[in-house]
Each structure stands twice: as C-alpha cells, then as structure tokens.
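Only one structure is covered here, and it is reproduced in the block below.
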Amino acid sequence: AVYKHFPIKQGIVFKKEIGRVHAVDGVDLEVRRGETLGIVGESGCGKSTLARCITGLHQVTAGRILFEGDDITRLGKAGLKAFRRDVQMIFQDPYGSLNPRRRVGSIIGDPFAVHSIAGGAERKRRVQELMELVGLNPEHYNRFPAEFSGGQRQRIGVARALALKPKLIVCDEPVSALDVSIQAQVINLLKDLQDELGLTYVFIAHDLSVVRYVSDRVAVMYLGKVGEAAEAETLYVRPRHPYTAALLSAASIADPDEAERAERIVLTGDVPSPIDPPSGCRFHPRCPKAADRCIREDPPLVPREGDPPDHVTACHFPVEPGERLAHKHAAIAQ
Ligand code: SF4
Ligand code: MG
C-alpha cells in the first residue's frame with residue numbers, strides 16, 4: 001500500500017508511582033508517507049508517551065501500532081531491531097541527549113555501530129556526509145558537543161537520526177529548548193530534508209504556530225486522548241472541538257490584530273489529573289459547552305456533520321462556524 005499506517009487503538013498504559021496511569025488512551029491516528037503529522041497539547045497530555053510508544057521505546061500494554069502492516073507491539077527481537085532502523089527519534093533537549101564526553105563523529109556514527117553497518121574509514125566518510133547534509137562542518141568530526149551551539153547540537157541529533165535512512169522520524173519538541181532565532185533554522189532544515197529525502201514526520205510540540213508551519217495534518221491531544229484531528233489549515237481555520245478553539249484563541253494573543261477581533265476563550269479550572277480522568281468527556285470540567293450528556297458519555301472521535309471524512313472530532317456539541325464561545329457561556333472567565 002502507498003500508506004504507512006499508525007492506528008493506535010486504545011489503552012496504552014504505563015506505570016507511575018501512584019497506581020496505573022492511562023497516559024495515552026483512545027488514540028487512533030494514521031501517518032501517511034511523506035507527510036508531517038503534528039501533535040499538539042498542553043504538557044502532561046501524553047504527547048511524549050505517545051512518541052515513545054510509536055518508536056517502540058515504551059511498552060504498549062494494550063492496543064496496536066501498525067507499521068507497514070506489522071503490529072510493532074508484537075514484534076520479536078529481530079523484527080524490533082529492523083523496525084528500529086526504520087523509525088528514529090529527535091529529542092527535545094539537544095544538550096541532554098548528547099554524551100558530553102564523546103566526539104560528535106562517534107555520536108552520529110552510533111546507529112552504524114548498533115546495527116554493525118560500515119566500519120573504519122567508511123563509517124567516517126558516511127558520518128561526514130551526514131554532517132554536511134545537516135549543515136555542519138565535516139571537519140568538526142572530532143569535536144565534543146560542548147564546542148557546538150544549541151542549534152548545531154540539534155543538527156547533530158538530526159544527523160544521527162538520519163544515519164540509517166529511516167522511513168519515519170518522530171520529533172518530540174525538537175525546537176522548544178532553542179532560542180527563537182534558532183528555531184526557524186532547525187525547522188527549515190527539517191522541512192528541506194523532508195523534501196530531499198522523502199521523510200515522514202510525527203512532529204510533537206506545544207507551540208501551535210510551529211506545528212501549523214510544519215504539519216500537513218494536526219491532532220490535538222487532551223489528557224491522553226485525541227480531541228480533534230484534521231488537515232492543518234482546516235483545524236486552524238475551523239476548529240470544531242471547544243478545546244482546540246480555546247488553544248487557538250489563547251495563541252492569537254501574540255497577534256494584536258487577531259486578538260482584537262477574536263474573543264479570548266479562557267478555560268476555567270485546573271488541568272485534571274490523568275490518573276483519575278473525569279467521567280464522560282475528559283474535557284467537561286473545563287469546557288464552556290459542557291452539558292449533562294458530556295459528564296456521562298465519552299464522545300467518539302468521528303467526522304461531525306458537514307466535515308470531511310478526515311476531520312474527526314471527539315465532541316457531542318462541536319463548535320459551529322462563527323460560534324462565539326466567550327459570549328454564549330457563563331463558565332468562561334476573562
Ligand atoms: Fe465540551 Fe461536551 Fe464537547 Fe466534551 S463533549 S468538548 S464537554 S461540549
Ligand atoms: Mg510537508
């Protein structure tokens with residue numbers, strides 16, 4: 001098939017000190033070859049756990065993750081090793097994810113060592129090729145991470161992720177630890193590499209504008225569940241889930257023109273604990289549209305009336321075009 005499927009069905013569970021926690025539950029997503037799927041949400045919504053599940057770093061206790069037809073949660077040792085070549089990860093922290101005592105040439109060459117590919121001069125040649133590909137000077141092969149700037153260190157992480165020509169790269173907040181002035185450079189590098197190498201990305205971030213810029217499609221997560229997913233422009237222009245609408249209205253504060261036009265939707269209440277999520281729709285304690293039904297019934301993630309089939313929303317009462325939540329509902333504080 002042309003598509004690479006990543007439907008992740010319900011019940012990815014992990015252990016924390018306090019009992020069992022459903023960090024990710026009810027995520028049903030698909031990543032298509034050559035596209036970028038953005039995943040947004042507040043911290044603690046399960047984005048990073050999801051990333052670790054997709055890359056096989058985190059054990060999935062229930063549900064399936066399909067990669068080119070194989071369920072990776074059922075792969076044996078050999079299958080998992082092959083899968084780990086095809087799927088790589090770029091981490092948030094370009095400082096913490098690089099061993100300070102190792103030379104960058106050896107760090108970037110790690111995947112070759114792990115998979116016993118290319119040794120000696122051949123490995124060095126390949127590593128230097130990778131350095132060039134990501135805009136690093138290949139002559140800096142023997143330097144240590146501390147001799148590079150934050151942006152350059154993230155390039156080292158990108159080079160390492162590219163070493164085995166992966167089919168999918170999961171980027172977990174790849175620029176949020178960088179200065180704003182450097183963020184665009186790294187994002188543009190990722191986009192250029194995607195065009196050049198035909199890469200597929202899952203791009204996880206809390207910054208809505210970054211996600212909009214890089215993503216073909218976007219999924220919004222709340223307390224371990226996907227609340228809404230759609231083609232990027234659709235989601236940003238015509239959000240249907242009240243949580244998406246609230247996130248977007250909060251983000252538009254940065255743009256004074258938009259802020260004037262749009263009423264800000266301010267969510268009331270704290271983010272509930274994922275250990276004991278609210279009944280029914282998990283968003284109901286903070287939702288300006290919540291009704292009795294929302295407390296009882298968990299809304300399925302499905303296309304809502306008038307929406308295209310790939311625009312799915314988990315909400316009993318989706319936001320209508322032009323609906324102004326801030327005016328209609330008393331639960332919103334200013
Ligand atoms: Fe709000 Fe109800 Fe929709 Fe949940 S289902 S987002 S509580 S309106
Ligand atoms: Mg793209």
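For the structure tokens, the naming scheme is as follows: chains receive sequential letters (A, B, ...) according to their order of presentation, residues are indexed from 1 within each chain, and ligands are indexed from 1 in presentation order.
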Please identify the alpha helix (DSSP H) residues within stretch 6-170 of chain A (assignment by DSSP from backbone atoms) and present them as a PyMOL selection string.
chain A and resi 47-54+77-86+104-108+110-114+120-133+150-162
Hey, which residues come within 7 Å of ligand 1 if we count only C-alpha atoms and all ligand atoms? Could you give them as a ChimeraX atom specification?
/A:241-243,281-284,287-291,294,299,314-318
Please save C-alpha atoms of the selected residues as a PDB file, in the first residue's frame.
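Ended up saving to out_12.pdb:
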ATOM      1  CA  HIS A 241     -13.539  20.913  19.421  1.00  0.00           C
ATOM      2  CA  PRO A 242     -14.006  23.548  22.141  1.00  0.00           C
ATOM      3  CA  TYR A 243     -10.533  22.700  23.461  1.00  0.00           C
ATOM      4  CA  CYS A 281     -15.735  13.630  28.045  1.00  0.00           C
ATOM      5  CA  ARG A 282     -12.455  14.283  29.854  1.00  0.00           C
ATOM      6  CA  PHE A 283     -12.655  17.945  28.955  1.00  0.00           C
ATOM      7  CA  HIS A 284     -16.040  18.546  30.592  1.00  0.00           C
ATOM      8  CA  CYS A 287     -15.443  23.082  28.740  1.00  0.00           C
ATOM      9  CA  PRO A 288     -17.619  26.145  28.116  1.00  0.00           C
ATOM     10  CA  LYS A 289     -20.154  23.986  26.264  1.00  0.00           C
ATOM     11  CA  ALA A 290     -20.375  21.097  28.726  1.00  0.00           C
ATOM     12  CA  ALA A 291     -23.852  19.617  29.246  1.00  0.00           C
ATOM     13  CA  CYS A 294     -20.826  15.197  28.421  1.00  0.00           C
ATOM     14  CA  PRO A 299     -17.717  11.179  22.735  1.00  0.00           C
ATOM     15  CA  ALA A 314     -14.496  13.857  19.853  1.00  0.00           C
ATOM     16  CA  CYS A 315     -17.288  16.156  20.978  1.00  0.00           C
ATOM     17  CA  HIS A 316     -21.058  15.833  21.385  1.00  0.00           C
ATOM     18  CA  PHE A 317     -21.582  19.516  20.632  1.00  0.00           C
ATOM     19  CA  PRO A 318     -18.934  20.671  18.141  1.00  0.00           C
TER      20      PRO A 318
END
Shell around stretch 97-112 of chain A at 8 Å using only C-alpha atoms, local window under 2 positions removed, as a VMD selection string
chain A and resid 91 93 to 95 114 to 119 123 to 124 127 to 128 140 to 146 156 to 157 159 to 160 163 to 164
C-alpha atoms of the current selection, written as a compact mmCIF listing (two decimals), in the first residue's frame:
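Saved result, selection35.txt, follows:
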# COMPACT_ATOMS: atom_id res chain seq x y z
CA PHE A 91 14.60 14.67 21.14
CA ASP A 93 16.95 18.55 24.60
CA PRO A 94 19.98 18.92 22.35
CA TYR A 95 22.12 19.20 25.49
CA VAL A 114 24.47 -0.58 16.85
CA HIS A 115 23.50 -2.20 13.58
CA SER A 116 27.03 -3.23 12.59
CA ILE A 117 26.96 -1.20 9.39
CA ALA A 118 30.11 0.28 7.86
CA GLY A 119 33.27 0.47 9.92
CA ARG A 123 31.90 4.93 8.67
CA LYS A 124 33.82 8.18 8.94
CA VAL A 127 29.26 10.40 9.13
CA GLN A 128 30.92 13.33 7.40
CA HIS A 140 34.47 19.22 13.14
CA TYR A 141 34.17 15.44 13.31
CA ASN A 142 36.48 15.18 16.33
CA ARG A 143 34.94 17.95 18.40
CA PHE A 144 32.90 17.48 21.55
CA PRO A 145 29.25 18.55 21.94
CA ALA A 146 30.19 21.46 24.20
CA ILE A 156 23.92 16.63 15.45
CA GLY A 157 20.76 14.94 16.73
CA ALA A 159 22.29 13.75 11.61
CA ARG A 160 22.26 10.81 13.99
CA ALA A 163 22.12 7.80 9.63
CA LEU A 164 20.10 4.68 8.81
What is the atom CA of A:Arg52-atom CA of A:Asp172 distance in Å, reported with one decimal?
9.1 Å
Per-residue nearest contacts chain A to ligand 2, cut-off 7 Å, using only C-alpha atoms and all ligand atoms, as a Markdown table:
| residue | atom | partner | partner_atom_place_in_ligand_line | distance |
| --- | --- | --- | --- | --- |
| A:Gly34 | CA | ligand 2 | 1 (Mg) | 6.9 |
| A:Glu35 | CA | ligand 2 | 1 (Mg) | 5.1 |
| A:Thr36 | CA | ligand 2 | 1 (Mg) | 5.4 |
| A:Lys191 | CA | ligand 2 | 1 (Mg) | 6.7 |
| A:Gln194 | CA | ligand 2 | 1 (Mg) | 7.0 |
| A:Val214 | CA | ligand 2 | 1 (Mg) | 6.3 |
| A:Ser215 | CA | ligand 2 | 1 (Mg) | 6.1 |
| A:Asp216 | CA | ligand 2 | 1 (Mg) | 5.8 |
Restricting the output to N, CA and C atoms, write the selected residues as a short mmCIF file (atom, residue, chain, number, x, y, z; two decimals), in the first residue's frame.
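For reference, result_16.cif as written:
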data_model
loop_
_atom_site.label_atom_id
_atom_site.label_comp_id
_atom_site.auth_asym_id
_atom_site.auth_seq_id
_atom_site.Cartn_x
_atom_site.Cartn_y
_atom_site.Cartn_z
N GLY A 34 5.48 10.51 3.62
CA GLY A 34 5.90 11.80 3.11
C GLY A 34 5.23 12.99 3.75
N GLU A 35 4.33 12.74 4.70
CA GLU A 35 3.65 13.88 5.33
C GLU A 35 4.20 14.13 6.72
N THR A 36 3.78 15.27 7.28
CA THR A 36 4.07 15.56 8.67
C THR A 36 2.76 15.58 9.43
N LYS A 191 12.35 20.62 7.24
CA LYS A 191 11.49 20.67 6.05
C LYS A 191 12.28 20.37 4.77
N GLN A 194 13.03 16.78 4.54
CA GLN A 194 11.84 16.02 4.19
C GLN A 194 11.64 16.01 2.68
N VAL A 214 4.76 23.42 10.06
CA VAL A 214 5.39 22.19 9.56
C VAL A 214 4.41 21.09 9.15
N SER A 215 3.18 21.14 9.63
CA SER A 215 2.32 19.96 9.52
C SER A 215 1.38 19.96 8.34
N ASP A 216 1.15 18.78 7.78
CA ASP A 216 0.09 18.60 6.80
C ASP A 216 -1.23 18.34 7.52
#
From the DSSP assignment of the backbone, select every residue of stretch 58-158 of chain A that is strand (DSSP E or B), and format the answer as a ChimeraX atom specification.
/A:65-67,70-71,87-90
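Residue nearest A:Ala245 within the list A:Asp86, A:Asp195, A:Asp292, A:Glu320: A:Glu320 [criterion: smallest interatomic distance, only C-alpha atoms].
If only C-alpha atoms are the atoms counted, then among A:Asp298, A:Gly63, A:Lys167, A:Leu29 the closest residue to A:Arg217 is A:Leu29.
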Which residues, written as a list in words, have at least one atom at most 7 Å from A:Ile90, with only C-alpha atoms counted and residues fewer than 2 positions away on the same chain left out?
Gln88, Gln92, Gly157, Val158, Ala161, Val170, Cys171, Asp172 and Pro174 of chain A
